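One structure is given below, encoded as structure tokens.
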Amino acid sequence: MMQINSFDEYQKTYKLSVEQPEEFWSGIASTFKWRKKWDKVLSWNFSEPNVKWFEGAKLNITENCLDRHLAENGDKPAIIWESNDPEKDSITLTYKILHEQVCRFANVLKKNQVKKGDRVCIYMPMVPELAVAVLACARIGAVHSVVFGGFSAKSIADRINDASCKLVITADGAYRGAKQIQLKEVIDDALIGCPSVEKVIVLTHTRTPVSMLKGRDLWFEDEIKLVDTDCPAQEMDAEDMLFILYTSGSTGKPKGVVHTVGGYMVYAGYTFSNVFNYQPEEVFFCTADIGWITGHSYIVYGPLSQGATTLMFEGVPTYPTPARLWEVVDKHKVNILYTAPTAIRSLMGFGDEPVDGADLSSLRVLGSVGEPINEEAWHWFDEHVGKKKCPIVDTWWQTETGGLMISPIAFVTPTKPSYATLPLPGVQPVLVDEQGNVIEGNGVSGNLCIKFPWPGMLRTTYGDHQRCKLTYFSTYENLYFTGDGCLRDEDGYYRITGRVDDVINVSGHRIGTAEVENAINMHAGVVESAVVGYPHEVKGQGIYAFVIFPNPHSDADLSRKDILQTVTRVIGAIAKPDKILFVSGLPKTRSGKIMRRILRKIAEGDISNLGDISTLQDPAVVEEIIEKAKQV
Ligand code: PRX
């Protein structure tokens with residue numbers, strides 16, 4: 001793969017990628033395996049939007065992730081799996097074994113009538129079979145929709161129904177740290193309202209009792225015995241759908257972001273190899289869950305397309321002890337560690353002893369993703385983990401972008417704490433003001449947009465193209481709007497300052513305030529609610545809910561717990577508010593719009609400058625909220 005080795009080379013490559021994007025990307029794409037090459041590199045407009053990369057090309061992504069490595073690297077570890085339980089043996093799947101397992105499971109899907117284009121929902125623990133399931137879908141051209149294990153039955157049902165999934169792949173249960181999650185039970189609840197699902201394939205993992213429905217539910221272990229290992233890959237068009245991944249926005253229900261085979265593959269593979277400077281014998285460890293885009297692109301598709309060894313960790317960094325993550329790094333001699341600021345901050349909270357007691361000498365490159373990394377966490381990561389000799393790549397990107405967008409390239413781009421630094425080749429960011437005017441020059445801030453297509457970008461939102469247009473391409477004409485605010489400093493370096501829409505970033509997970517409000521409002525007794533984010537020491541942002549609840553239980557804490565229970569039922573535990581304040585009214589304009597700006601200030605504890613509140617329907621409400629907030 002074409003790795004950039006000096007800053008000068010980066011600048012030249014970047015220039016080429018802007019001046020001759022088609023030439024640049026066809027050069028990168030040529031390092032992949034295509035059954036037939038493209039007729040046209042790119043056609044696009046951002047007004048519909050309609051973006052096509054590598055039109056006319058034929059391929060299968062699993063031939064790139066598996067088959068093409070067999071001849072020379074068949075015995076190289078593709079996936080190393082580390083259990084939640086440190087006592088349990090790790091598992092290594094070589095490329096040969098992974099290929100065989102993927103083909104076998106692909107045949108199971110076929111046997112169960114899954115065909116090219118059918119949607120398959122995957123709700124699984126972080127076990128090798130999850131990667132196998134994802135790749136098996138891709139092998140036969142089925143579209144996977146992976147749902148993170150922290151979502152509720154209702155959230156899963158909404159996602160399954162939105163995409164009319166035909167089959168679900170799950171497990172009896174999952175371990176995460178000290179917790180066990182009954183995955184199959186959640187699926188059973190979800191499927192009460194999912195008429196499109198014909199079959200459920202269940203992997204045995206935690207050995208918790210499960211109910212298996214006759215005619216619908218099948219054991220993974222039984223099914224794979226009934227098929228052989230020969231499964232030719234389905235030929236796909238470059239623009240055929242590869243997967244759907246649901247993500248939260250500022251309004252309504254989550255959107256199904258759609259990625260297509262060719263462009264996504266090229267983008268995930270190129271950014272992986274280049275940004276992390278992956279070397280052939282290295283072990284790459286991304287701590288994300290495959291339920292999120294980071295896991296899709298940098299546990300599965302990016303690394304495997306480059307013939308890398310990718311480490312999959314079932315557990316959490318702090319279980320059973322705060323030294324666990326470091327033990328995993330040392331045990332598997334991890335060379336590249338890619339994690340989230342939340343994890344770093346939570347480990348920092350345990351002091352330096354666990355990390356300083358580890359060897360960590362195998363580490364060569366560190367990465368951060370998902371939320372802004374504060375300087376303190378950046379320096380701790382640099383000093384205690386990287387021992388000041390590993391470059392830190394602070395990678396800014398999104399579910400919608402498919403892969404890394406603004407990021408240092410390891411050993412190439414001079415880093416700066418809390419800066420994602422510079423756009424990668426092929427990425428053309430612009431900052432715009434509220435009116436949509438492009439802000440030129442350096443030392444400026446604005447809303448971050450991208451003005452030219454890149455191969456990994458989303459193509460649509462599943463089943464609702466208009467929504468894709470409205471959400472991303474209508475705020476500013478002919479620009480993709482990211483939803484993020486951004487600063488470009490005097491050196492032209494980019495620093496992402498956070499969402500400018502009503503999305504909260506909790507521990508690197510995107511949560512829409514409207515979604516949480518809807519969930520809270522479903523609780524009997526709640527009249528209305530308003531949800532905002534506030535700075536949280538470990539999670540980056542926490543969820544603060546202001547709730548009108550006229551008759552709470554005499555023990556108000558019990559009412560709070562009831563509301564948390566409701567949110568857990570409706571969305572999942574990840575969306576539970578950190579703080580709930582019962583109030584008698586909300587600050588509203590005379591036209592009835594909630595003034596979130598004021599609530600945000602109160603939640604931040606900054607009431608010195610609430611701005612003009614004279615236009616409120618009832619300014620007294622603000623006084624009441626401020627008083628009550630002091631007691632939380
Ligand atoms: O606000 C930005 C933040 O995470 C959002 C994207 O979330 P999601 O689609 O869930 O993908 C997360 C993993 C790619 C962005 O709009 N974000 C992501 N990376 C960074 C970041 N904010 C600051 N710095 C980053 N490196």
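Numbering starts fresh at 1 for the residues of each chain in the structure tokens, the chains themselves are lettered A, B, ... in the order given, and ligands are numbered from 1 as they appear.
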
Next on the checklist: Any residue with an atom at most 8 Å from ligand 1 counts, using only C-alpha atoms and all ligand atoms. Which are they? Put them as a PyMOL selection string.
Outcome noted: chain A and resi 247+292-294+368-373+394-400+403-404+406-407+418-420+482-484+495-499+505+508-510

Output the selection as a CSV table (one decimal), in the first residue's frame - C-alpha atoms for each residue.
```csv
chain,number,residue,atom,x,y,z
A,247,THR,CA,-26.5,6.5,14.1
A,292,TRP,CA,-19.7,1.1,16.0
A,293,ILE,CA,-18.2,2.4,12.8
A,294,THR,CA,-14.7,2.4,14.4
A,368,SER,CA,-7.4,8.4,19.6
A,369,VAL,CA,-10.9,8.6,18.3
A,370,GLY,CA,-14.5,9.5,19.0
A,371,GLU,CA,-14.4,12.7,20.8
A,372,PRO,CA,-12.1,15.7,21.5
A,373,ILE,CA,-9.1,14.6,23.5
A,394,ASP,CA,-5.9,12.0,17.0
A,395,THR,CA,-8.3,10.9,14.2
A,396,TRP,CA,-11.4,12.9,13.5
A,397,TRP,CA,-14.1,11.2,11.5
A,398,GLN,CA,-17.7,10.0,11.7
A,399,THR,CA,-20.0,7.0,10.9
A,400,GLU,CA,-21.0,8.9,7.8
A,403,GLY,CA,-12.9,6.3,7.6
A,404,LEU,CA,-10.5,8.8,9.0
A,406,ILE,CA,-8.6,14.8,9.6
A,407,SER,CA,-5.7,13.2,11.3
A,418,SER,CA,-5.9,18.2,21.1
A,419,TYR,CA,-5.6,18.9,17.4
A,420,ALA,CA,-6.6,16.4,14.7
A,482,THR,CA,-20.5,17.4,9.5
A,483,GLY,CA,-22.4,18.8,12.5
A,484,ASP,CA,-19.1,19.7,14.2
A,495,ARG,CA,-9.1,21.3,16.1
A,496,ILE,CA,-12.6,19.8,16.5
A,497,THR,CA,-14.5,21.6,19.2
A,498,GLY,CA,-17.6,19.4,19.4
A,499,ARG,CA,-21.1,19.1,17.9
A,505,ASN,CA,-21.1,12.8,22.6
A,508,GLY,CA,-17.5,8.8,22.2
A,509,HIS,CA,-21.0,7.5,21.5
A,510,ARG,CA,-23.5,9.8,19.7
```

Checklist entry - Contacts of A:Thr170 at 12 Å or less, counting only C-alpha atoms, minus same-chain residues fewer than 4 places along, as a PyMOL selection string? => result chain A and resi 120-127+129-130+133-134+146-149+156+174+181-188+199-206+210+217-220

Next on the checklist: I'd like the neighbourhood of stretch 596-610 of chain A as JSON, numbers by chain, where a residue qualifies if any of its atoms comes within 8 Å (using only C-alpha atoms), though same-chain residues fewer than 6 positions away should be ignored.
Outcome noted: {"A": [530, 532, 533, 534, 535, 544, 587, 626, 629]}

Residues from last step as file, N, CA and C atoms, as a compact mmCIF listing (two decimals), in the first residue's frame:
```txt
# COMPACT_ATOMS: atom_id res chain seq x y z
N ALA A 530 -36.40 18.34 28.78
CA ALA A 530 -35.39 18.91 27.88
C ALA A 530 -34.04 18.34 28.30
N VAL A 532 -29.84 18.19 27.70
CA VAL A 532 -28.63 18.85 27.14
C VAL A 532 -27.39 18.10 27.61
N GLY A 533 -26.28 18.37 26.95
CA GLY A 533 -25.01 17.80 27.38
C GLY A 533 -24.31 18.74 28.34
N TYR A 534 -23.45 18.20 29.18
CA TYR A 534 -22.62 19.04 30.04
C TYR A 534 -21.26 18.37 30.17
N PRO A 535 -20.22 19.15 30.49
CA PRO A 535 -18.88 18.56 30.54
C PRO A 535 -18.78 17.52 31.65
N TYR A 544 -27.78 15.59 30.83
CA TYR A 544 -28.48 16.31 31.88
C TYR A 544 -29.93 16.48 31.44
N PRO A 587 -37.54 26.88 30.34
CA PRO A 587 -37.46 28.20 29.73
C PRO A 587 -37.84 28.15 28.26
N ILE A 626 -32.22 27.38 38.43
CA ILE A 626 -30.87 27.64 38.95
C ILE A 626 -30.78 27.21 40.41
N ALA A 629 -30.83 23.43 40.62
CA ALA A 629 -29.62 22.81 40.05
C ALA A 629 -28.48 22.82 41.06
```

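Minimum atom-to-atom distance to A:Gly402, evaluated using only C-alpha atoms, belongs to A:Val261 out of A:Leu360, A:Val275, A:Leu616, A:Val261.
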
Next on the checklist: Ranking A:Arg35, A:Lys389, A:Lys225, A:Lys579 by minimum distance to A:Val108 and counting only C-alpha atoms, which one comes first?
Outcome noted: A:Lys225

Name all residues at most 9 Å from stretch 323-334 of chain A (count only C-alpha atoms; drop same-chain ones fewer than 2 positions away) and give them as an mmCIF file with N, CA and C atoms, in the first residue's frame.
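The new file around38.cif reads:
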```cif
data_model
loop_
_atom_site.group_PDB
_atom_site.id
_atom_site.type_symbol
_atom_site.label_atom_id
_atom_site.label_comp_id
_atom_site.auth_asym_id
_atom_site.auth_seq_id
_atom_site.Cartn_x
_atom_site.Cartn_y
_atom_site.Cartn_z
ATOM 1 N N ILE A 80 -6.614 -11.978 16.380
ATOM 2 C CA ILE A 80 -6.281 -12.536 17.689
ATOM 3 C C ILE A 80 -7.396 -12.088 18.615
ATOM 4 N N GLU A 82 -8.962 -11.843 22.424
ATOM 5 C CA GLU A 82 -8.684 -11.885 23.856
ATOM 6 C C GLU A 82 -10.011 -11.812 24.606
ATOM 7 N N PRO A 86 -9.482 -12.949 31.917
ATOM 8 C CA PRO A 86 -8.032 -13.062 31.671
ATOM 9 C C PRO A 86 -7.507 -14.490 31.813
ATOM 10 N N GLU A 282 3.105 -6.479 12.300
ATOM 11 C CA GLU A 282 2.617 -5.838 13.520
ATOM 12 C C GLU A 282 1.222 -6.286 13.961
ATOM 13 N N VAL A 283 0.988 -6.070 15.261
ATOM 14 C CA VAL A 283 -0.334 -6.344 15.830
ATOM 15 C C VAL A 283 -1.030 -5.008 16.083
ATOM 16 N N PHE A 284 -2.213 -4.885 15.499
ATOM 17 C CA PHE A 284 -2.992 -3.652 15.612
ATOM 18 C C PHE A 284 -4.149 -3.903 16.571
ATOM 19 N N PHE A 285 -4.324 -3.016 17.528
ATOM 20 C CA PHE A 285 -5.368 -3.213 18.543
ATOM 21 C C PHE A 285 -6.248 -1.975 18.618
ATOM 22 N N LEU A 311 -6.373 -7.272 16.616
ATOM 23 C CA LEU A 311 -6.702 -7.843 17.923
ATOM 24 C C LEU A 311 -8.116 -7.432 18.301
ATOM 25 N N PHE A 313 -10.810 -7.517 21.362
ATOM 26 C CA PHE A 313 -10.877 -7.683 22.820
ATOM 27 C C PHE A 313 -12.330 -7.657 23.267
ATOM 28 N N VAL A 316 -13.430 -4.999 28.848
ATOM 29 C CA VAL A 316 -13.299 -3.549 29.026
ATOM 30 C C VAL A 316 -11.933 -3.266 29.658
ATOM 31 N N PRO A 317 -11.407 -2.053 29.441
ATOM 32 C CA PRO A 317 -10.033 -1.758 29.861
ATOM 33 C C PRO A 317 -9.776 -1.902 31.362
ATOM 34 N N THR A 318 -10.837 -1.815 32.159
ATOM 35 C CA THR A 318 -10.624 -1.754 33.608
ATOM 36 C C THR A 318 -11.065 -3.024 34.344
ATOM 37 N N TYR A 319 -11.322 -4.087 33.619
ATOM 38 C CA TYR A 319 -11.787 -5.308 34.280
ATOM 39 C C TYR A 319 -10.830 -6.471 34.024
ATOM 40 N N PRO A 320 -10.467 -7.288 34.984
ATOM 41 C CA PRO A 320 -10.842 -7.185 36.407
ATOM 42 C C PRO A 320 -10.042 -6.139 37.182
ATOM 43 N N THR A 321 -8.998 -5.599 36.588
ATOM 44 C CA THR A 321 -8.234 -4.566 37.299
ATOM 45 C C THR A 321 -7.925 -3.432 36.333
ATOM 46 N N ILE A 336 0.341 -1.156 17.704
ATOM 47 C CA ILE A 336 -0.451 0.048 17.465
ATOM 48 C C ILE A 336 -1.712 -0.048 18.321
ATOM 49 N N LEU A 337 -1.923 0.932 19.163
ATOM 50 C CA LEU A 337 -3.084 0.929 20.064
ATOM 51 C C LEU A 337 -3.981 2.110 19.715
ATOM 52 N N LEU A 347 -8.826 5.418 32.758
ATOM 53 C CA LEU A 347 -7.610 4.751 33.255
ATOM 54 C C LEU A 347 -6.735 5.720 34.054
ATOM 55 N N GLU A 353 0.184 3.983 38.662
ATOM 56 C CA GLU A 353 0.787 2.706 39.030
ATOM 57 C C GLU A 353 0.483 1.560 38.054
ATOM 58 N N PRO A 354 -0.818 1.347 37.711
ATOM 59 C CA PRO A 354 -1.091 0.218 36.807
ATOM 60 C C PRO A 354 -0.361 0.352 35.469
ATOM 61 N N VAL A 355 -0.326 1.539 34.931
ATOM 62 C CA VAL A 355 0.289 1.703 33.606
ATOM 63 C C VAL A 355 1.821 1.682 33.717
ATOM 64 N N GLY A 357 3.517 0.094 35.752
ATOM 65 C CA GLY A 357 3.962 -1.266 36.077
ATOM 66 C C GLY A 357 4.014 -2.172 34.854
ATOM 67 N N ALA A 358 3.497 -1.697 33.734
ATOM 68 C CA ALA A 358 3.483 -2.532 32.528
ATOM 69 C C ALA A 358 4.713 -2.228 31.684
ATOM 70 N N ASP A 359 5.018 -3.144 30.773
ATOM 71 C CA ASP A 359 6.203 -2.983 29.936
ATOM 72 C C ASP A 359 5.931 -1.997 28.780
ATOM 73 N N LEU A 360 4.944 -2.346 27.965
ATOM 74 C CA LEU A 360 4.478 -1.495 26.849
ATOM 75 C C LEU A 360 5.546 -1.167 25.805
ATOM 76 N N SER A 361 6.683 -1.882 25.849
ATOM 77 C CA SER A 361 7.755 -1.520 24.919
ATOM 78 C C SER A 361 7.445 -1.924 23.482
ATOM 79 N N SER A 362 6.420 -2.758 23.284
ATOM 80 C CA SER A 362 6.072 -3.133 21.910
ATOM 81 C C SER A 362 5.383 -1.981 21.175
ATOM 82 N N LEU A 363 4.819 -1.028 21.918
ATOM 83 C CA LEU A 363 4.023 0.035 21.278
ATOM 84 C C LEU A 363 4.874 0.957 20.416
ATOM 85 N N ARG A 364 4.327 1.282 19.254
ATOM 86 C CA ARG A 364 5.038 2.146 18.314
ATOM 87 C C ARG A 364 4.182 3.351 17.890
ATOM 88 N N VAL A 385 1.896 5.992 28.413
ATOM 89 C CA VAL A 385 1.630 4.843 27.536
ATOM 90 C C VAL A 385 2.679 4.796 26.415
#
```
